[in-house]
Amino acid sequence: MEYHDKEYCLEVWGDFACFTRPEMKVERVSYDVMTPSAARAIFSAIFWKPAFNWIVTRIDVLSPIEWISFRRNEVGSVMSPRSPHIFADTKEMRQQRAAILLRDVRYRIYARLEYIPPRFRPKGAEIKEGENPAKYYESFERRARKGQCFNTPYLGCREFSASWRWIENPGEAASEQRYNRDREIGFMLYDMDFSDPHNPKAMFYRPVLRNNTIIVPHPNSKEVYR
C-alpha cells in the first residue's frame with residue numbers, strides 16, 4: 001500500500017468574510033485573517049471521507065486586510081421540534097446586532113491529506129476491503145479539477161460564500177499582488193478537538209503573518225494549545 005504525501009493548494013476569495021472570535025458573545029467580530037478550521041472546511045466541502053483528515057499547513061494572504069462594519073437584523077432563537085407553533089414570529093424574535101467583517105478577501109490555502117489507518121478511526125466508520133489511500137488523492141484532484149464540491153465553500157460564516165479554484169502548480173503567480181506586511185495576530189482559534197465526542201475542546205495557537213504567509217503548525221504540535 002503505497003501513496004504520496006502531497007500538499008494541495010486552493011485559491012479562495014469573496015466579497016465578505018467573518019472568522020468569528022469566540023470571546024465575542026453577541027456581536028460578530030472577525031479575526032484579521034482566516035482560521036485553520038475555516039481553511040479545512042473549504043477542503044472538506046470539495047472532498048472528505050472518514051478515512052482521512054485535512055491538515056492545513058499554510059495560509060497566504062493575497063489582499064490587504066480591510067474591514068467593514070454594519071448592523072443587521074438576526075433571529076434571536078430557533079424553532080424547537082417541541083413547539084406547538086408551526087411558524088416563528090420573526091417580528092417578535094428579531095434582534096439588531098453589529099458585525100465587524102473583512103471585505104474583499106483573497107487567500108491561498110495549503111493542506112495535506114492525512115490518511116487514518118482503520119484501527120484509529122471512530123467507531124462505526126466505514127472500512128473498505130483493500131482500501132488504497134492513493135484513491136483519495138486521485139478523487140480530490142479529479143473533483144478539484146472539475147470545480148466540484150459537496151456543498152458551497154464559505155468564508156467563516158455560511159452566508160459569505162467563497163469562490164475558489166485549484167492551483168495545480170502552487171509556484172504559479174497569485175491572482176492579486178501581495179502587499180508585504182508582517183504582524184502578530186495574537187491568540188486565534190485553531191480548530192475543535194472531537195477526540196472525546198462527549199467533551200469537545202477548543203484548540204488555539206499564535207499565528208504570525210510574515211511576508212504575507214502564516215505557517216500553520218500540525219494539530220499535535222506543542223504550538224497548539226488545548
# chains A, B, ... in the order shown; residues from 1 in each chain; ligands from 1

$ select_by_dssp --residues "chain A" --states "strand (DSSP E)" --output "ChimeraX atom specification"
/A:7-17,28-29,52-61,66-75,94-115,154-155,157-161,163-166,183-184,188-193,201-205,208-209,213-215

$ residues_around --residues "range 211-225 of chain A" --least-positions-apart "5" --cutoff "6 Å" --atoms "only C-alpha atoms" --output "ChimeraX atom specification"
/A:57-61,180-182,203-205

$ write_last_selection --atoms "all heavy atoms" --output "compact mmCIF listing (two decimals), in the first residue's frame"
# COMPACT_ATOMS: atom_id res chain seq x y z
N THR A 57 -1.57 23.49 6.37
CA THR A 57 -0.14 23.73 6.60
C THR A 57 0.27 25.20 6.42
O THR A 57 1.26 25.63 6.98
CB THR A 57 0.71 22.88 5.64
OG1 THR A 57 0.35 23.19 4.28
CG2 THR A 57 0.46 21.39 5.89
N ARG A 58 -0.52 25.95 5.64
CA ARG A 58 -0.07 27.31 5.32
C ARG A 58 -1.25 28.12 4.79
O ARG A 58 -2.15 27.59 4.13
CB ARG A 58 1.03 27.24 4.26
CG ARG A 58 1.49 28.53 3.67
CD ARG A 58 2.62 28.26 2.69
NE ARG A 58 2.83 29.35 1.74
CZ ARG A 58 3.69 29.30 0.72
NH1 ARG A 58 4.43 28.23 0.54
NH2 ARG A 58 3.80 30.32 -0.11
N ILE A 59 -1.25 29.41 5.10
CA ILE A 59 -2.26 30.33 4.60
C ILE A 59 -1.54 31.57 4.08
O ILE A 59 -0.81 32.23 4.82
CB ILE A 59 -3.26 30.73 5.70
CG1 ILE A 59 -4.01 29.50 6.21
CG2 ILE A 59 -4.24 31.78 5.19
CD1 ILE A 59 -4.89 29.79 7.43
N ASP A 60 -1.73 31.88 2.80
CA ASP A 60 -1.17 33.09 2.19
C ASP A 60 -2.26 34.15 2.10
O ASP A 60 -3.35 33.87 1.60
CB ASP A 60 -0.63 32.80 0.79
CG ASP A 60 0.63 31.96 0.80
OD1 ASP A 60 1.21 31.79 1.89
OD2 ASP A 60 1.02 31.46 -0.28
N VAL A 61 -1.96 35.35 2.55
CA VAL A 61 -2.91 36.47 2.48
C VAL A 61 -2.54 37.29 1.24
O VAL A 61 -1.47 37.90 1.17
CB VAL A 61 -2.83 37.34 3.75
CG1 VAL A 61 -3.85 38.47 3.69
CG2 VAL A 61 -3.09 36.48 4.99
N ASN A 180 2.87 42.66 1.24
CA ASN A 180 4.07 42.74 2.07
C ASN A 180 3.84 43.43 3.41
O ASN A 180 4.23 44.58 3.61
CB ASN A 180 5.20 43.46 1.32
CG ASN A 180 5.69 42.64 0.14
OD1 ASN A 180 5.77 41.42 0.22
ND2 ASN A 180 6.01 43.31 -0.95
N ARG A 181 3.23 42.73 4.31
CA ARG A 181 3.02 43.26 5.64
C ARG A 181 3.16 42.15 6.66
O ARG A 181 2.64 41.06 6.46
CB ARG A 181 1.65 43.91 5.77
CG ARG A 181 1.43 44.57 7.12
CD ARG A 181 0.17 45.38 7.15
NE ARG A 181 0.00 46.04 8.44
CZ ARG A 181 -1.01 46.84 8.74
NH1 ARG A 181 -1.95 47.07 7.83
NH2 ARG A 181 -1.11 47.40 9.91
N ASP A 182 3.88 42.42 7.74
CA ASP A 182 4.06 41.44 8.82
C ASP A 182 3.29 41.91 10.04
O ASP A 182 3.22 43.10 10.32
CB ASP A 182 5.55 41.30 9.18
CG ASP A 182 6.37 40.78 8.01
OD1 ASP A 182 5.76 40.30 7.03
OD2 ASP A 182 7.61 40.85 8.08
N MET A 203 -9.10 24.41 20.40
CA MET A 203 -7.65 24.48 20.28
C MET A 203 -7.27 25.88 19.77
O MET A 203 -7.96 26.44 18.90
CB MET A 203 -7.13 23.42 19.31
CG MET A 203 -7.45 21.99 19.73
SD MET A 203 -6.69 20.74 18.66
CE MET A 203 -7.57 21.01 17.12
N PHE A 204 -6.20 26.43 20.32
CA PHE A 204 -5.76 27.76 19.95
C PHE A 204 -4.28 27.74 19.58
O PHE A 204 -3.54 26.82 19.96
CB PHE A 204 -5.97 28.75 21.10
CG PHE A 204 -7.42 28.98 21.44
CD1 PHE A 204 -8.08 28.13 22.32
CD2 PHE A 204 -8.13 30.03 20.89
CE1 PHE A 204 -9.43 28.33 22.64
CE2 PHE A 204 -9.46 30.23 21.19
CZ PHE A 204 -10.11 29.39 22.07
N TYR A 205 -3.84 28.77 18.84
CA TYR A 205 -2.42 28.92 18.54
C TYR A 205 -2.12 30.40 18.31
O TYR A 205 -3.04 31.22 18.28
CB TYR A 205 -2.01 28.05 17.36
CG TYR A 205 -2.30 28.60 15.98
CD1 TYR A 205 -1.30 28.75 15.03
CD2 TYR A 205 -3.60 28.96 15.59
CE1 TYR A 205 -1.56 29.24 13.76
CE2 TYR A 205 -3.87 29.44 14.31
CZ TYR A 205 -2.84 29.58 13.41
OH TYR A 205 -3.10 30.06 12.15

$ residues_around --residues "range 17-32 of chain A" --least-positions-apart "3" --cutoff "9 Å" --atoms "only C-alpha atoms" --output "PyMOL selection string"
chain A and resi 14+35+38+65-67+97-105+154-157+159-162+185+188-189

$ write_last_selection --atoms "N, CA and C atoms" --output "PDB file, in the first residue's frame"
ATOM      1  N   GLY A  14     -13.650  36.241  -1.841  1.00  0.00           N
ATOM      2  CA  GLY A  14     -15.046  36.623  -1.666  1.00  0.00           C
ATOM      3  C   GLY A  14     -15.168  38.080  -1.280  1.00  0.00           C
ATOM      4  N   THR A  35      -8.946  31.454   9.755  1.00  0.00           N
ATOM      5  CA  THR A  35      -8.529  30.459  10.738  1.00  0.00           C
ATOM      6  C   THR A  35      -8.244  29.127  10.038  1.00  0.00           C
ATOM      7  N   ALA A  38     -11.449  27.211   9.251  1.00  0.00           N
ATOM      8  CA  ALA A  38     -12.172  27.687   8.075  1.00  0.00           C
ATOM      9  C   ALA A  38     -11.523  27.174   6.798  1.00  0.00           C
ATOM     10  N   ILE A  65      -5.727  43.659   4.357  1.00  0.00           N
ATOM     11  CA  ILE A  65      -6.737  43.382   5.377  1.00  0.00           C
ATOM     12  C   ILE A  65      -7.590  44.630   5.557  1.00  0.00           C
ATOM     13  N   GLU A  66      -8.830  44.564   5.119  1.00  0.00           N
ATOM     14  CA  GLU A  66      -9.751  45.696   5.188  1.00  0.00           C
ATOM     15  C   GLU A  66     -11.023  45.282   5.915  1.00  0.00           C
ATOM     16  N   TRP A  67     -11.635  46.234   6.600  1.00  0.00           N
ATOM     17  CA  TRP A  67     -12.783  45.949   7.451  1.00  0.00           C
ATOM     18  C   TRP A  67     -14.018  46.689   6.965  1.00  0.00           C
ATOM     19  N   ARG A  97     -28.094  43.481  15.567  1.00  0.00           N
ATOM     20  CA  ARG A  97     -26.742  43.244  16.072  1.00  0.00           C
ATOM     21  C   ARG A  97     -25.714  43.843  15.119  1.00  0.00           C
ATOM     22  N   ALA A  98     -24.596  44.215  15.704  1.00  0.00           N
ATOM     23  CA  ALA A  98     -23.497  44.768  14.908  1.00  0.00           C
ATOM     24  C   ALA A  98     -22.574  43.644  14.462  1.00  0.00           C
ATOM     25  N   ALA A  99     -21.909  43.867  13.347  1.00  0.00           N
ATOM     26  CA  ALA A  99     -20.940  42.902  12.836  1.00  0.00           C
ATOM     27  C   ALA A  99     -19.755  43.651  12.254  1.00  0.00           C
ATOM     28  N   ILE A 100     -18.565  43.189  12.580  1.00  0.00           N
ATOM     29  CA  ILE A 100     -17.331  43.746  12.022  1.00  0.00           C
ATOM     30  C   ILE A 100     -16.693  42.645  11.186  1.00  0.00           C
ATOM     31  N   LEU A 101     -16.721  42.837   9.868  1.00  0.00           N
ATOM     32  CA  LEU A 101     -16.325  41.801   8.930  1.00  0.00           C
ATOM     33  C   LEU A 101     -15.092  42.216   8.140  1.00  0.00           C
ATOM     34  N   LEU A 102     -14.501  41.244   7.462  1.00  0.00           N
ATOM     35  CA  LEU A 102     -13.447  41.504   6.490  1.00  0.00           C
ATOM     36  C   LEU A 102     -14.096  41.689   5.121  1.00  0.00           C
ATOM     37  N   ARG A 103     -13.492  42.512   4.285  1.00  0.00           N
ATOM     38  CA  ARG A 103     -14.048  42.744   2.950  1.00  0.00           C
ATOM     39  C   ARG A 103     -12.983  42.497   1.892  1.00  0.00           C
ATOM     40  N   ASP A 104     -13.445  42.050   0.725  1.00  0.00           N
ATOM     41  CA  ASP A 104     -12.572  41.825  -0.440  1.00  0.00           C
ATOM     42  C   ASP A 104     -11.358  40.975  -0.071  1.00  0.00           C
ATOM     43  N   VAL A 105     -11.622  39.766   0.416  1.00  0.00           N
ATOM     44  CA  VAL A 105     -10.543  38.883   0.867  1.00  0.00           C
ATOM     45  C   VAL A 105     -10.127  37.935  -0.248  1.00  0.00           C
ATOM     46  N   TYR A 154     -17.478  28.324   2.125  1.00  0.00           N
ATOM     47  CA  TYR A 154     -17.812  29.632   2.679  1.00  0.00           C
ATOM     48  C   TYR A 154     -16.644  30.169   3.490  1.00  0.00           C
ATOM     49  N   LEU A 155     -16.672  31.462   3.728  1.00  0.00           N
ATOM     50  CA  LEU A 155     -15.575  32.164   4.407  1.00  0.00           C
ATOM     51  C   LEU A 155     -15.972  32.476   5.842  1.00  0.00           C
ATOM     52  N   GLY A 156     -15.882  31.475   6.694  1.00  0.00           N
ATOM     53  CA  GLY A 156     -16.177  31.635   8.117  1.00  0.00           C
ATOM     54  C   GLY A 156     -17.624  31.404   8.462  1.00  0.00           C
ATOM     55  N   CYS A 157     -18.531  32.174   7.877  1.00  0.00           N
ATOM     56  CA  CYS A 157     -19.973  32.033   8.083  1.00  0.00           C
ATOM     57  C   CYS A 157     -20.616  31.620   6.764  1.00  0.00           C
ATOM     58  N   GLU A 159     -23.222  32.427   5.234  1.00  0.00           N
ATOM     59  CA  GLU A 159     -23.794  33.433   4.344  1.00  0.00           C
ATOM     60  C   GLU A 159     -22.748  34.105   3.462  1.00  0.00           C
ATOM     61  N   PHE A 160     -21.463  33.891   3.764  1.00  0.00           N
ATOM     62  CA  PHE A 160     -20.394  34.501   2.960  1.00  0.00           C
ATOM     63  C   PHE A 160     -19.753  33.419   2.101  1.00  0.00           C
ATOM     64  N   SER A 161     -20.401  33.113   0.993  1.00  0.00           N
ATOM     65  CA  SER A 161     -19.917  32.046   0.119  1.00  0.00           C
ATOM     66  C   SER A 161     -18.590  32.446  -0.521  1.00  0.00           C
ATOM     67  N   ALA A 162     -17.787  31.439  -0.855  1.00  0.00           N
ATOM     68  CA  ALA A 162     -16.449  31.670  -1.403  1.00  0.00           C
ATOM     69  C   ALA A 162     -16.361  31.169  -2.829  1.00  0.00           C
ATOM     70  N   ILE A 185      -0.801  38.093  15.124  1.00  0.00           N
ATOM     71  CA  ILE A 185      -2.263  38.053  15.192  1.00  0.00           C
ATOM     72  C   ILE A 185      -2.750  37.881  16.623  1.00  0.00           C
ATOM     73  N   MET A 188      -5.463  32.791  18.438  1.00  0.00           N
ATOM     74  CA  MET A 188      -6.516  32.557  17.444  1.00  0.00           C
ATOM     75  C   MET A 188      -7.033  31.132  17.596  1.00  0.00           C
ATOM     76  N   LEU A 189      -8.321  30.963  17.331  1.00  0.00           N
ATOM     77  CA  LEU A 189      -8.898  29.628  17.325  1.00  0.00           C
ATOM     78  C   LEU A 189      -8.252  28.806  16.215  1.00  0.00           C
TER      79      LEU A 189
END

$ closest_residue --among "A:Ile167, A:Ala174, A:Ala41, A:Val12" --to "Met192 in chain A" --atoms "only C-alpha atoms"
A:Ala41

$ atom_distance --atom1 "CA of Asp15 in chain A" --atom2 "CA of Ile68 in chain A"
10.7 Å

$ residues_around --residues "Asn151 in chain A" --least-positions-apart "2" --cutoff "7 Å" --atoms "only C-alpha atoms" --output "list in words"
Ala45, Cys149 and Pro153 of chain A

$ write_last_selection --atoms "N, CA, C and O atoms" --output "JSON list (two decimals), in the first residue's frame"
[["chain", "number", "residue", "atom", "x", "y", "z"],
["A", 45, "ALA", "N", -15.34, 20.68, 1.98],
["A", 45, "ALA", "CA", -16.51, 20.92, 1.13],
["A", 45, "ALA", "C", -16.30, 20.32, -0.26],
["A", 45, "ALA", "O", -17.27, 19.94, -0.92],
["A", 149, "CYS", "N", -17.96, 20.26, -5.73],
["A", 149, "CYS", "CA", -17.93, 20.31, -4.27],
["A", 149, "CYS", "C", -19.25, 19.75, -3.74],
["A", 149, "CYS", "O", -20.28, 19.79, -4.42],
["A", 153, "PRO", "N", -18.45, 26.13, -0.56],
["A", 153, "PRO", "CA", -17.46, 26.62, 0.42],
["A", 153, "PRO", "C", -17.82, 28.03, 0.88],
["A", 153, "PRO", "O", -18.41, 28.82, 0.13]]

$ atom_distance --atom1 "CA of Phe150 in chain A" --atom2 "CA of Phe47 in chain A"
7.1 Å

$ atom_distance --atom1 "CA of Ser195 in chain A" --atom2 "CA of Val56 in chain A"
18.0 Å
